[in-house]
>>> print(open('start_31.cif').read())   # mmCIF, C-alpha atoms
data_input
loop_
_atom_site.label_atom_id
_atom_site.label_comp_id
_atom_site.auth_asym_id
_atom_site.auth_seq_id
_atom_site.Cartn_x
_atom_site.Cartn_y
_atom_site.Cartn_z
CA MET A 1491 -2.24 -31.12 -7.13
CA ARG A 1492 -5.82 -31.58 -5.96
CA THR A 1493 -4.88 -30.17 -2.54
CA TYR A 1494 -3.25 -27.22 -4.21
CA LEU A 1495 -6.36 -26.44 -6.25
CA ASN A 1496 -8.58 -26.87 -3.18
CA ILE A 1497 -6.54 -24.25 -1.33
CA LEU A 1498 -6.93 -21.84 -4.24
CA PHE A 1499 -10.66 -22.51 -4.36
CA ALA A 1500 -10.94 -21.80 -0.62
CA LEU A 1501 -9.12 -18.51 -1.18
CA VAL A 1502 -11.73 -17.55 -3.77
CA LEU A 1503 -14.53 -18.22 -1.30
CA ILE A 1504 -12.83 -16.23 1.46
CA PHE A 1505 -12.31 -13.20 -0.74
CA ALA A 1506 -15.80 -13.46 -2.22
CA SER A 1507 -17.33 -12.93 1.22
CA CYS A 1508 -15.74 -9.53 1.82
CA ASN A 1509 -17.94 -6.47 1.85
CA THR A 1510 -17.10 -3.72 4.30
CA GLN A 1511 -20.55 -2.10 4.30
CA LYS A 1512 -22.28 -5.36 5.17
CA LYS A 1513 -19.71 -6.07 7.86
CA TYR A 1514 -20.35 -2.67 9.38
CA ARG A 1515 -24.09 -3.24 9.29
CA SER A 1516 -23.65 -6.53 11.11
CA LYS A 1517 -21.45 -4.83 13.66
CA LEU A 1518 -24.06 -2.19 14.38
CA GLU A 1519 -27.04 -4.48 14.79
CA GLY A 1520 -28.45 -4.58 18.28
CA GLU A 1521 -28.88 -2.10 21.10
CA TRP A 1522 -26.37 0.60 21.96
CA VAL A 1523 -26.25 3.15 24.75
CA LEU A 1524 -25.72 6.74 23.74
CA SER A 1525 -23.13 7.05 26.49
CA ARG A 1526 -21.99 10.60 25.69
CA VAL A 1527 -23.17 13.42 23.47
CA ALA A 1528 -20.89 16.44 23.40
CA SER A 1529 -21.02 19.59 21.37
CA TYR A 1530 -19.02 22.79 21.13
CA ASP A 1531 -18.44 25.73 18.82
CA ILE A 1532 -15.19 26.11 16.89
CA LEU A 1533 -14.08 29.68 16.31
CA GLN A 1534 -11.76 30.84 13.54
CA ASP A 1535 -8.78 31.28 15.87
CA GLY A 1536 -9.00 27.63 16.92
CA THR A 1537 -10.55 28.26 20.31
CA THR A 1538 -13.72 26.47 21.34
CA GLU A 1539 -16.67 27.57 23.44
CA ASN A 1540 -20.21 26.65 24.52
CA HIS A 1541 -19.32 23.14 25.57
CA VAL A 1542 -22.33 20.98 26.34
CA GLU A 1543 -22.12 17.37 27.44
CA THR A 1544 -24.81 14.80 28.14
CA LEU A 1545 -24.00 11.42 29.63
CA ASN A 1546 -26.14 8.31 29.16
CA GLY A 1547 -28.59 10.25 27.05
CA GLY A 1548 -30.57 7.30 25.75
CA THR A 1549 -30.45 4.21 23.59
CA ILE A 1550 -30.32 3.45 19.91
CA ILE A 1551 -31.34 0.15 18.34
CA PHE A 1552 -30.15 -0.90 14.91
CA GLU A 1553 -32.18 -3.48 13.03
CA SER A 1554 -31.49 -4.93 9.61
CA THR A 1555 -33.95 -4.12 6.86
CA ASP A 1556 -35.05 -6.22 3.94
CA SER A 1557 -35.12 -3.34 1.49
CA ASP A 1558 -31.38 -2.97 0.98
CA SER A 1559 -28.65 -5.06 2.46
CA TYR A 1560 -26.46 -2.02 3.13
CA PHE A 1561 -29.03 -0.23 5.24
CA THR A 1562 -29.97 -0.66 8.83
CA LYS A 1563 -32.97 0.86 10.57
CA ALA A 1564 -32.25 2.96 13.64
CA LEU A 1565 -34.63 3.52 16.52
CA LEU A 1566 -33.51 6.38 18.75
CA ASN A 1567 -34.83 6.91 22.26
CA LEU A 1568 -33.54 9.89 24.18
CA ASN A 1569 -34.18 9.95 27.91
CA ASN A 1570 -35.80 13.36 28.06
CA ASN A 1571 -36.67 14.14 24.49
CA PHE A 1572 -37.47 11.99 21.48
CA GLN A 1573 -39.07 8.60 21.76
CA ASN A 1574 -38.95 6.02 18.98
CA LEU A 1575 -37.43 8.29 16.35
CA SER A 1576 -36.90 6.03 13.37
CA PHE A 1577 -34.55 6.62 10.44
CA SER A 1578 -32.30 4.70 8.02
CA VAL A 1579 -28.55 4.42 8.43
CA LYS A 1580 -25.75 3.33 6.16
CA THR A 1581 -22.07 3.95 5.67
CA ASP A 1582 -19.99 4.61 2.60
CA GLU A 1583 -17.95 1.83 0.99
CA HIS A 1584 -14.93 2.66 3.11
CA ASN A 1585 -16.73 3.02 6.44
CA LYS A 1586 -15.48 6.54 6.94
CA ARG A 1587 -18.81 8.35 6.75
CA ILE A 1588 -22.14 7.54 8.31
CA PHE A 1589 -25.43 8.60 6.73
CA PHE A 1590 -28.70 9.21 8.58
CA TYR A 1591 -31.51 9.34 6.06
CA ASN A 1592 -34.75 11.12 6.89
CA TYR A 1593 -33.39 12.13 10.24
CA TYR A 1594 -35.24 14.62 12.40
CA CYS A 1595 -34.79 18.29 11.54
CA ASN A 1596 -36.74 21.50 11.67
CA SER A 1597 -37.05 21.80 7.92
CA PRO A 1598 -39.21 19.51 5.79
CA LEU A 1599 -36.28 19.31 3.38
CA ASN A 1600 -32.66 18.40 3.85
CA CYS A 1601 -33.24 15.98 6.69
CA ASP A 1602 -30.26 13.81 5.87
CA LEU A 1603 -27.28 13.96 8.16
CA VAL A 1604 -23.76 12.92 7.24
CA GLY A 1605 -21.13 12.34 9.89
CA THR A 1606 -17.54 11.23 10.20
CA ILE A 1607 -16.76 7.89 11.79
CA VAL A 1608 -14.05 8.80 14.27
CA THR A 1609 -13.76 5.48 16.11
CA ASP A 1610 -14.95 2.13 14.83
CA LYS A 1611 -14.69 -0.70 17.35
CA PRO A 1612 -17.04 -3.63 18.00
CA LYS A 1613 -18.19 -2.18 21.33
CA LEU A 1614 -17.50 1.52 20.80
CA GLN A 1615 -18.53 3.85 18.02
CA ILE A 1616 -17.73 7.56 17.94
CA TRP A 1617 -19.32 9.68 15.25
CA SER A 1618 -19.00 13.43 14.77
CA PHE A 1619 -21.28 15.84 12.95
CA VAL A 1620 -20.42 19.43 12.04
CA GLU A 1621 -22.88 22.24 11.44
CA ARG A 1622 -21.99 25.68 10.20
CA THR A 1623 -23.49 29.08 10.71
CA SER A 1624 -24.86 30.86 7.66
CA ASN A 1625 -21.68 32.92 7.24
CA SER A 1626 -19.41 29.91 7.95
CA GLN A 1627 -17.64 31.83 10.73
CA ILE A 1628 -18.52 29.36 13.46
CA HIS A 1629 -18.78 25.59 13.20
CA THR A 1630 -20.48 23.43 15.79
CA ARG A 1631 -19.17 19.93 16.29
CA THR A 1632 -21.40 17.34 17.92
CA THR A 1633 -19.94 14.00 18.90
CA TRP A 1634 -21.92 10.85 19.59
CA GLU A 1635 -20.30 8.14 21.64
CA LEU A 1636 -22.10 4.82 21.49
CA LYS A 1637 -21.33 1.81 23.67
CA ARG A 1638 -22.66 -1.67 23.17
CA ASN A 1639 -25.38 -2.42 25.71
CA MET B 316 -12.44 -6.09 -6.24
CA ALA B 317 -10.01 -8.71 -4.98
CA CYS B 318 -12.50 -11.52 -5.53
CA LYS B 319 -12.45 -11.49 -9.34
CA HIS B 320 -8.66 -11.27 -9.45
CA ILE B 321 -8.24 -14.28 -7.19
CA LEU B 322 -10.68 -16.11 -9.44
CA PHE B 323 -8.59 -15.12 -12.46
CA LEU B 324 -5.48 -16.45 -10.78
CA THR B 325 -7.17 -19.71 -9.84
CA LEU B 326 -8.29 -20.35 -13.39
CA SER B 327 -4.98 -19.19 -14.83
CA LEU B 328 -2.90 -21.33 -12.54
CA SER B 329 -5.05 -24.35 -13.32
CA PHE B 330 -4.28 -23.74 -16.99
CA PHE B 331 -0.62 -23.21 -16.15
CA ILE B 332 -0.39 -26.42 -14.12
CA SER B 333 -1.86 -28.48 -16.94
CA PHE B 334 0.37 -26.81 -19.55
CA SER B 335 3.53 -27.25 -17.56
CA GLN B 336 3.17 -31.04 -17.73
CA ASN B 337 4.86 -30.75 -21.14
CA GLY B 338 7.60 -28.29 -20.20
CA GLU B 339 9.12 -26.80 -17.11
CA GLY B 340 6.86 -24.84 -14.83
CA PHE B 341 7.64 -22.42 -12.05
CA PHE B 342 5.71 -20.79 -9.28
CA SER B 343 6.63 -17.13 -9.18
CA LEU B 344 6.91 -14.63 -6.33
CA ARG B 345 7.35 -11.14 -7.66
CA THR B 346 7.96 -7.58 -6.58
CA ASP B 347 8.44 -4.65 -8.92
CA TYR B 348 8.57 -0.89 -8.96
CA GLU B 349 6.51 0.75 -11.66
CA ILE B 350 7.00 4.28 -12.87
CA ALA B 351 3.53 5.28 -13.96
CA LYS B 352 3.04 8.37 -16.11
CA PHE B 353 -0.39 9.94 -16.38
CA LYS B 354 -1.68 10.56 -19.88
CA GLU B 355 -4.17 13.23 -18.77
CA PHE B 356 -4.46 15.65 -15.85
CA GLN B 357 -8.16 16.38 -15.37
CA LEU B 358 -7.81 16.30 -11.60
CA ASN B 359 -5.38 19.22 -11.89
CA ASP B 360 -8.15 21.22 -13.59
CA PHE B 361 -10.12 20.83 -10.39
CA VAL B 362 -7.12 21.84 -8.26
CA ARG B 363 -6.32 24.89 -10.38
CA SER B 364 -9.92 26.08 -10.49
CA PHE B 365 -10.21 25.52 -6.73
CA ASN B 366 -7.10 27.64 -6.13
CA SER B 367 -8.36 30.26 -8.57
CA TYR B 368 -11.81 30.45 -6.97
CA TYR B 369 -10.30 31.07 -3.54
CA SER B 370 -7.52 33.27 -4.91
CA GLY B 371 -6.39 35.77 -2.28
CA PHE B 372 -8.06 33.71 0.41
CA LEU B 373 -5.56 30.84 0.46
CA PRO B 374 -2.23 31.51 2.20
CA GLN B 375 -1.31 28.01 1.03
CA GLU B 376 -2.71 26.81 -2.28
CA MET B 377 -3.23 23.16 -3.13
CA ASP B 378 -0.42 21.53 -5.12
CA THR B 379 -1.18 19.93 -8.45
CA LEU B 380 -0.46 16.28 -9.24
CA THR B 381 2.84 15.49 -10.86
CA ALA B 382 3.11 13.15 -13.86
CA ASN B 383 4.45 10.19 -11.95
CA SER B 384 2.65 10.71 -8.65
CA SER B 385 0.98 7.30 -8.89
CA SER B 386 4.21 5.28 -9.21
CA HIS B 387 4.48 2.48 -6.68
CA PHE B 388 5.74 -0.97 -5.77
CA ASN B 389 3.74 -4.04 -6.77
CA PHE B 390 3.71 -7.43 -5.16
CA GLY B 391 2.30 -10.56 -6.65
CA ILE B 392 2.36 -14.19 -7.54
CA GLY B 393 2.01 -16.18 -10.71
CA GLY B 394 3.28 -19.01 -12.78
CA ARG B 395 5.81 -19.30 -15.60
CA PHE B 396 6.56 -22.06 -18.04
CA THR B 397 9.25 -22.77 -20.59
CA THR B 398 9.72 -25.37 -23.28
CA GLY B 399 12.89 -26.51 -24.97
CA GLY B 400 15.06 -27.11 -21.95
CA ARG B 401 18.06 -25.20 -20.65
CA LYS B 402 20.43 -25.83 -23.50
CA SER B 403 18.42 -24.46 -26.38
CA ALA B 404 15.80 -21.87 -27.26
CA GLY B 405 12.11 -22.40 -26.70
CA PHE B 406 8.78 -20.85 -25.95
CA SER B 407 8.09 -19.25 -22.62
CA GLY B 408 5.17 -17.55 -20.97
CA GLY B 409 3.69 -16.56 -17.70
CA ILE B 410 0.65 -15.44 -15.84
CA LEU B 411 0.85 -12.84 -13.08
CA LEU B 412 -1.43 -11.28 -10.54
CA LEU B 413 -0.03 -8.08 -9.06
CA TYR B 414 -1.24 -5.62 -6.49
CA GLY B 415 0.15 -2.20 -5.64
CA THR B 416 -1.02 0.91 -3.89
CA ARG B 417 0.01 4.53 -3.52
CA GLY B 418 -1.31 7.46 -1.56
CA ASN B 419 -0.70 11.20 -1.84
CA ASN B 420 -1.83 14.10 0.25
CA TYR B 421 -2.65 17.61 -0.95
CA LYS B 422 -3.59 20.55 1.27
CA ALA B 423 -4.88 24.07 0.95
CA ILE B 424 -5.01 26.35 3.98
CA SER B 425 -7.48 29.20 3.97
CA GLN B 426 -7.44 32.47 5.85
CA ASN B 427 -10.11 31.27 8.25
CA ASN B 428 -7.71 28.49 9.30
CA ILE B 429 -9.67 25.70 7.68
CA THR B 430 -7.48 23.22 5.84
CA THR B 431 -8.93 21.51 2.79
CA ASN B 432 -7.38 18.07 2.82
CA MET B 433 -7.34 15.89 -0.29
CA ASP B 434 -6.08 12.32 0.08
CA VAL B 435 -5.72 10.50 -3.22
CA ARG B 436 -5.22 6.74 -3.07
CA TYR B 437 -4.63 4.38 -5.96
CA LYS B 438 -5.19 0.65 -5.63
CA ASP B 439 -4.04 -1.26 -8.66
CA TRP B 440 -4.66 -4.87 -9.64
CA THR B 441 -2.85 -6.12 -12.70
CA ASN B 442 -3.58 -9.44 -14.38
CA GLN B 443 -0.87 -10.03 -16.94
CA ILE B 444 -0.24 -12.75 -19.50
CA ASP B 445 3.26 -12.97 -20.99
CA ILE B 446 4.08 -14.93 -24.12
CA GLY B 447 7.34 -15.14 -26.03
CA PHE B 448 10.56 -17.10 -26.21
CA HIS B 449 13.76 -17.70 -24.31
CA ILE B 450 17.36 -18.47 -25.13
CA ARG B 451 18.80 -21.16 -22.88
CA GLN B 452 16.50 -20.02 -20.10
CA ILE B 453 18.80 -17.04 -19.58
CA ALA B 454 17.39 -14.32 -21.82
CA PHE B 455 13.62 -13.93 -22.19
CA PHE B 456 11.70 -11.83 -24.70
CA HIS B 457 7.98 -11.40 -24.08
CA VAL B 458 5.02 -9.45 -25.28
CA HIS B 459 2.14 -9.14 -22.89
CA MET B 460 -1.48 -8.28 -22.46
CA ALA B 461 -2.61 -7.02 -19.09
CA GLY B 462 -5.93 -6.22 -17.53
CA ARG B 463 -5.28 -3.22 -15.39
CA PHE B 464 -7.87 -2.36 -12.74
CA ARG B 465 -7.25 0.89 -10.90
CA ASN B 466 -9.46 2.02 -8.08
CA THR B 467 -8.87 5.67 -7.24
CA VAL B 468 -10.34 7.05 -4.05
CA ILE B 469 -10.25 10.73 -3.21
CA ASP B 470 -11.11 11.83 0.32
CA LEU B 471 -11.98 15.50 0.46
CA GLY B 472 -12.28 16.64 4.05
CA TYR B 473 -11.72 19.68 6.23
CA TYR B 474 -9.45 20.18 9.21
CA TYR B 475 -11.11 22.84 11.35
CA PRO B 476 -9.12 25.44 13.31
CA ASP B 477 -9.21 23.31 16.48
CA GLY B 478 -7.46 20.50 14.59
CA THR B 479 -10.45 18.17 14.28
CA TYR B 480 -11.22 16.47 10.98
CA SER B 481 -14.55 16.15 9.23
CA ILE B 482 -15.70 14.47 6.07
CA GLY B 483 -19.38 15.02 6.85
CA GLY B 484 -22.15 16.76 5.00
CA GLU B 485 -21.74 20.34 6.19
CA TYR B 486 -20.26 21.41 2.85
CA ASP B 487 -21.23 19.95 -0.52
CA LEU B 488 -17.63 19.49 -1.61
CA LEU B 489 -16.75 17.15 1.24
CA GLY B 490 -16.98 13.51 0.41
CA ILE B 491 -15.30 10.36 -0.73
CA TYR B 492 -15.04 10.32 -4.50
CA SER B 493 -14.03 7.20 -6.31
CA ALA B 494 -13.42 6.00 -9.83
CA LYS B 495 -12.69 2.66 -11.36
CA THR B 496 -10.39 2.74 -14.37
CA SER B 497 -10.14 -0.51 -16.29
CA THR B 498 -7.81 -0.73 -19.24
CA LEU B 499 -6.42 -3.43 -21.45
CA ASP B 500 -2.69 -2.76 -21.61
CA PHE B 501 -0.21 -4.05 -24.16
CA GLY B 502 3.55 -4.05 -23.96
CA GLY B 503 6.72 -6.02 -23.87
CA SER B 504 9.55 -7.07 -21.65
CA ILE B 505 13.12 -8.26 -21.74
CA GLY B 506 14.25 -10.41 -18.86
CA PHE B 507 17.27 -12.24 -17.59
CA LYS B 508 17.30 -15.29 -15.38
CA LEU B 509 20.09 -16.37 -13.13
CA GLY B 510 19.32 -19.43 -11.05
CA PRO B 511 15.89 -18.93 -9.49
CA VAL B 512 16.05 -15.13 -9.89
CA TYR B 513 14.36 -13.60 -12.90
CA VAL B 514 14.67 -9.85 -13.61
CA PRO B 515 12.35 -8.46 -16.31
CA PHE B 516 12.24 -4.88 -17.60
CA THR B 517 8.74 -4.04 -18.80
CA ILE B 518 6.85 -1.29 -20.56
CA SER B 519 3.04 -1.17 -20.89
CA PHE B 520 0.68 1.10 -22.76
CA PRO B 521 -3.04 1.42 -22.02
CA SER B 522 -5.24 0.74 -25.02
CA ALA B 523 -8.33 2.70 -25.98
CA PHE B 524 -10.43 0.20 -24.09
CA ALA B 525 -11.44 2.22 -21.05
CA GLN B 526 -14.49 3.24 -19.13
CA PHE B 527 -15.61 6.82 -19.61
CA GLU B 528 -17.52 7.28 -16.43
CA GLY B 529 -17.04 10.28 -14.18
CA VAL B 530 -15.48 10.32 -10.78
CA SER B 531 -18.43 10.31 -8.45
CA VAL B 532 -19.17 10.13 -4.80
CA THR B 533 -18.98 6.49 -3.86
CA ASP B 534 -22.27 6.20 -2.09
CA TYR B 535 -25.72 7.64 -2.36
CA ASP B 536 -25.07 11.06 -0.90
CA ILE B 537 -27.31 13.47 0.93
CA ARG B 538 -29.83 15.21 -1.24
CA GLN B 539 -27.74 18.17 -2.18
CA PHE B 540 -28.09 21.04 -4.58
CA ARG B 541 -24.88 20.46 -6.50
CA TRP B 542 -23.66 17.52 -8.52
CA PRO B 543 -22.13 14.66 -6.55
CA ASP B 544 -19.35 14.32 -9.11
CA LEU B 545 -15.99 15.96 -8.71
CA PRO B 546 -15.94 19.01 -11.00
CA ARG B 547 -13.15 20.09 -13.31
CA ASP B 548 -14.40 23.64 -13.11
CA PHE B 549 -14.86 24.35 -9.42
CA GLU B 550 -16.00 27.94 -9.92
CA THR B 551 -18.98 26.97 -12.07
CA TRP B 552 -19.76 24.08 -9.72
CA ALA B 553 -19.86 26.51 -6.78
CA ASN B 554 -21.71 29.40 -8.41
CA ASN B 555 -23.80 27.97 -11.24
CA PRO B 556 -23.86 24.19 -10.94
CA GLU B 557 -26.68 23.98 -13.48
CA ASN B 558 -24.27 25.33 -16.11
CA LEU B 559 -21.73 22.55 -15.71
CA SER B 560 -21.31 20.52 -18.86
CA THR B 561 -22.12 16.87 -18.36
CA GLU B 562 -19.69 16.07 -21.16
CA ASN B 563 -16.50 17.63 -19.87
CA GLY B 564 -17.48 19.39 -16.66
CA PHE B 565 -16.35 16.58 -14.38
CA VAL B 566 -13.18 14.66 -13.69
CA ARG B 567 -13.46 11.39 -15.59
CA SER B 568 -12.08 8.05 -14.57
CA ASN B 569 -10.04 7.70 -17.75
CA THR B 570 -7.78 10.50 -16.54
CA PHE B 571 -6.14 7.97 -14.24
CA ARG B 572 -4.78 5.81 -17.07
CA THR B 573 -1.00 5.55 -17.09
CA VAL B 574 1.89 4.39 -19.21
CA ARG B 575 3.96 2.08 -17.04
CA MET B 576 7.61 1.11 -16.96
CA SER B 577 8.81 -1.34 -14.38
CA VAL B 578 11.75 -3.35 -13.20
CA ALA B 579 10.95 -6.51 -11.29
CA VAL B 580 12.55 -9.26 -9.31
CA GLU B 581 10.90 -12.67 -9.46
CA ILE B 582 11.82 -15.77 -7.57
CA LEU B 583 10.97 -18.82 -9.69
CA LEU B 584 10.35 -21.98 -7.74
CA ASN B 585 9.58 -25.54 -8.72
CA LYS B 586 10.34 -29.00 -7.43
CA ASN B 587 13.88 -28.84 -8.89
CA THR B 588 14.77 -25.54 -7.24
CA PHE B 589 15.99 -27.05 -4.00
CA LYS B 590 17.50 -30.24 -5.46
CA LYS B 591 21.25 -30.53 -5.39
CA LYS B 592 22.76 -30.72 -8.84
CA LYS B 593 24.76 -33.88 -9.47
#
>>> encode(input="start_31.cif", output="structure tokens")
Amino acid sequence: MRTYLNILFALVLIFASCNTQKKYRSKLEGEWVLSRVASYDILQDGTTENHVETLNGGTIIFESTDSDSYFTKALLNLNNNFQNLSFSVKTDEHNKRIFFYNYYCNSPLNCDLVGTIVTDKPKLQIWSFVERTSNSQIHTRTTWELKRN
Amino acid sequence: MACKHILFLTLSLSFFISFSQNGEGFFSLRTDYEIAKFKEFQLNDFVRSFNSYYSGFLPQEMDTLTANSSSHFNFGIGGRFTTGGRKSAGFSGGILLLYGTRGNNYKAISQNNITTNMDVRYKDWTNQIDIGFHIRQIAFFHVHMAGRFRNTVIDLGYYYPDGTYSIGGEYDLLGIYSAKTSTLDFGGSIGFKLGPVYVPFTISFPSAFAQFEGVSVTDYDIRQFRWPDLPRDFETWANNPENLSTENGFVRSNTFRTVRMSVAVEILLNKNTFKKKK
């Protein structure tokens, strides 16, 4: 009977350690290469145009922060643009959305960016972000492809 | 969520093991199908107001939820005990931990070829304690008390005309909304046992014990103009969000309470199960 209870106790410990947001944070930590950044416009009829693609555009480093266990600090370095752009990153509870807090933008307000996690693998992350024009006729999708350095 | 239920089962089974020293105890493997009927339909208020707001602009409107759209199979384990032996009547009881899930998809297609996609998922944990009596370990009559923990997650995303999906921050409505509905359910069951197979028929009613929190976006969202909670009145949310009533302007978690009826099959095992009868 003691063995039986020990197994049940071990099960409790295993399940107690599960937290998807923390797992994702651990997965992100370290240096990644921004291996591909692609963007294009989506028109109402389903066609796309203005395709732009950049390969090996820079690096991004994720470091854990002490402030909140769900957050990680990102340090973005683009080869020909930004250097040491720092912002906070976290995901939702289900690891379907990624949040960039205080990310760079032209406006002093609304500098948070929310994207969709398209691919979530230990050595490959693909995130997409959609912007819309003021009349919502055209949407621009930008995709980040990150590979573990 | 799973952690506390496993803990419950550990403690319960410890109790069960000690109790069964004085009677006959069984380890139970169970599957059941529950027909769950909603008591309220606040989410349909959102769907109807969404359809109404975009009236004339939606070649395909979003369907509303049906009463039993959260019915599903459950799987679980537990323990049962009886006293009085197999040739007379006696007390019987049981402790169960069940898990079941169900997902539904709802779509609205607009004239600009954007599809609003709503995925609704229910994840249900049920911790149930049966107590009652049996007749010759053939017929069982139980009343029960169950802690019912429902986690409802609603993904609201867009499919754009090129077929790609987004649940990002480009529109305020998009997001992952979730609600936890905890109820203390009461009910009863009649069951029949033949050999190691036990078949109970159960009905459960949620009591007034429930959380009255709103359905809200799971995580800290972007700093947006509108409320992060899912509205019942979409038109006001879109046009005059400051006019939304905090009392009844949002879909509340208690709308996901259900009355449940189920039929189950349990396999009852103990050290005598596999012994040959002399």
>>> resolve_selection(input="start_31.cif", expression="the PyMOL selection byres ((chain A and resi 1603) around 12)", output="ChimeraX atom specification")
/A:1577-1581,1587-1595,1599-1602,1604-1606,1617-1621,1632 /B:482-486,536-539
>>> closest_residue(input="start_31.cif", among="A:Asn1509, A:Asn1571, A:Thr1623, A:Thr1544", to="Asp1531 in chain A", atoms="all atoms listed in the file")
A:Thr1623
>>> closest_residue(input="start_31.cif", among="B:Ser481, B:Asn466, B:Ser384, B:Asn419", to="chain A", atoms="all atoms listed in the file")
B:Ser481
>>> atom_distance(input="start_31.cif", atom1="CA of Asn359 in chain B", atom2="CA of Gly371 in chain B")
19.2 Å
>>> resolve_selection(input="start_31.cif", expression="the PyMOL selection byres ((chain B and resi 516) around 12)", output="short mmCIF file (atom, residue, chain, number, x, y, z; two decimals) with C-alpha atoms, in the frame of the given file")
data_model
loop_
_atom_site.label_atom_id
_atom_site.label_comp_id
_atom_site.auth_asym_id
_atom_site.auth_seq_id
_atom_site.Cartn_x
_atom_site.Cartn_y
_atom_site.Cartn_z
CA ASP B 347 8.44 -4.65 -8.92
CA TYR B 348 8.57 -0.89 -8.96
CA GLU B 349 6.51 0.75 -11.66
CA ILE B 350 7.00 4.28 -12.87
CA ALA B 454 17.39 -14.32 -21.82
CA PHE B 455 13.62 -13.93 -22.19
CA PHE B 456 11.70 -11.83 -24.70
CA HIS B 457 7.98 -11.40 -24.08
CA VAL B 458 5.02 -9.45 -25.28
CA GLY B 502 3.55 -4.05 -23.96
CA GLY B 503 6.72 -6.02 -23.87
CA SER B 504 9.55 -7.07 -21.65
CA ILE B 505 13.12 -8.26 -21.74
CA GLY B 506 14.25 -10.41 -18.86
CA PHE B 507 17.27 -12.24 -17.59
CA LYS B 508 17.30 -15.29 -15.38
CA TYR B 513 14.36 -13.60 -12.90
CA VAL B 514 14.67 -9.85 -13.61
CA PRO B 515 12.35 -8.46 -16.31
CA THR B 517 8.74 -4.04 -18.80
CA ILE B 518 6.85 -1.29 -20.56
CA SER B 519 3.04 -1.17 -20.89
CA ARG B 575 3.96 2.08 -17.04
CA MET B 576 7.61 1.11 -16.96
CA SER B 577 8.81 -1.34 -14.38
CA VAL B 578 11.75 -3.35 -13.20
CA ALA B 579 10.95 -6.51 -11.29
CA VAL B 580 12.55 -9.26 -9.31
CA GLU B 581 10.90 -12.67 -9.46
#
>>> closest_residue(input="start_31.cif", among="B:Pro543, B:Pro521, B:Pro476, B:Pro511", to="chain A", atoms="all atoms listed in the file")
B:Pro476
>>> resolve_selection(input="start_31.cif", expression="the PyMOL selection byres ((chain B and resi 568) around 12)", output="PDB file with C-alpha atoms, keeping the file's coordinate frame")
ATOM      1  CA  PHE B 353      -0.390   9.940 -16.380  1.00  0.00           C
ATOM      2  CA  LYS B 354      -1.680  10.560 -19.880  1.00  0.00           C
ATOM      3  CA  GLU B 355      -4.170  13.230 -18.770  1.00  0.00           C
ATOM      4  CA  PHE B 356      -4.460  15.650 -15.850  1.00  0.00           C
ATOM      5  CA  GLN B 357      -8.160  16.380 -15.370  1.00  0.00           C
ATOM      6  CA  LEU B 358      -7.810  16.300 -11.600  1.00  0.00           C
ATOM      7  CA  TYR B 437      -4.630   4.380  -5.960  1.00  0.00           C
ATOM      8  CA  PHE B 464      -7.870  -2.360 -12.740  1.00  0.00           C
ATOM      9  CA  ARG B 465      -7.250   0.890 -10.900  1.00  0.00           C
ATOM     10  CA  ASN B 466      -9.460   2.020  -8.080  1.00  0.00           C
ATOM     11  CA  THR B 467      -8.870   5.670  -7.240  1.00  0.00           C
ATOM     12  CA  VAL B 468     -10.340   7.050  -4.050  1.00  0.00           C
ATOM     13  CA  ILE B 469     -10.250  10.730  -3.210  1.00  0.00           C
ATOM     14  CA  TYR B 492     -15.040  10.320  -4.500  1.00  0.00           C
ATOM     15  CA  SER B 493     -14.030   7.200  -6.310  1.00  0.00           C
ATOM     16  CA  ALA B 494     -13.420   6.000  -9.830  1.00  0.00           C
ATOM     17  CA  LYS B 495     -12.690   2.660 -11.360  1.00  0.00           C
ATOM     18  CA  THR B 496     -10.390   2.740 -14.370  1.00  0.00           C
ATOM     19  CA  SER B 497     -10.140  -0.510 -16.290  1.00  0.00           C
ATOM     20  CA  THR B 498      -7.810  -0.730 -19.240  1.00  0.00           C
ATOM     21  CA  ALA B 525     -11.440   2.220 -21.050  1.00  0.00           C
ATOM     22  CA  GLN B 526     -14.490   3.240 -19.130  1.00  0.00           C
ATOM     23  CA  PHE B 527     -15.610   6.820 -19.610  1.00  0.00           C
ATOM     24  CA  GLU B 528     -17.520   7.280 -16.430  1.00  0.00           C
ATOM     25  CA  GLY B 529     -17.040  10.280 -14.180  1.00  0.00           C
ATOM     26  CA  VAL B 530     -15.480  10.320 -10.780  1.00  0.00           C
ATOM     27  CA  SER B 531     -18.430  10.310  -8.450  1.00  0.00           C
ATOM     28  CA  ASP B 544     -19.350  14.320  -9.110  1.00  0.00           C
ATOM     29  CA  LEU B 545     -15.990  15.960  -8.710  1.00  0.00           C
ATOM     30  CA  ASN B 563     -16.500  17.630 -19.870  1.00  0.00           C
ATOM     31  CA  PHE B 565     -16.350  16.580 -14.380  1.00  0.00           C
ATOM     32  CA  VAL B 566     -13.180  14.660 -13.690  1.00  0.00           C
ATOM     33  CA  ARG B 567     -13.460  11.390 -15.590  1.00  0.00           C
ATOM     34  CA  ASN B 569     -10.040   7.700 -17.750  1.00  0.00           C
ATOM     35  CA  THR B 570      -7.780  10.500 -16.540  1.00  0.00           C
ATOM     36  CA  PHE B 571      -6.140   7.970 -14.240  1.00  0.00           C
ATOM     37  CA  ARG B 572      -4.780   5.810 -17.070  1.00  0.00           C
ATOM     38  CA  THR B 573      -1.000   5.550 -17.090  1.00  0.00           C
TER      39      THR B 573
END
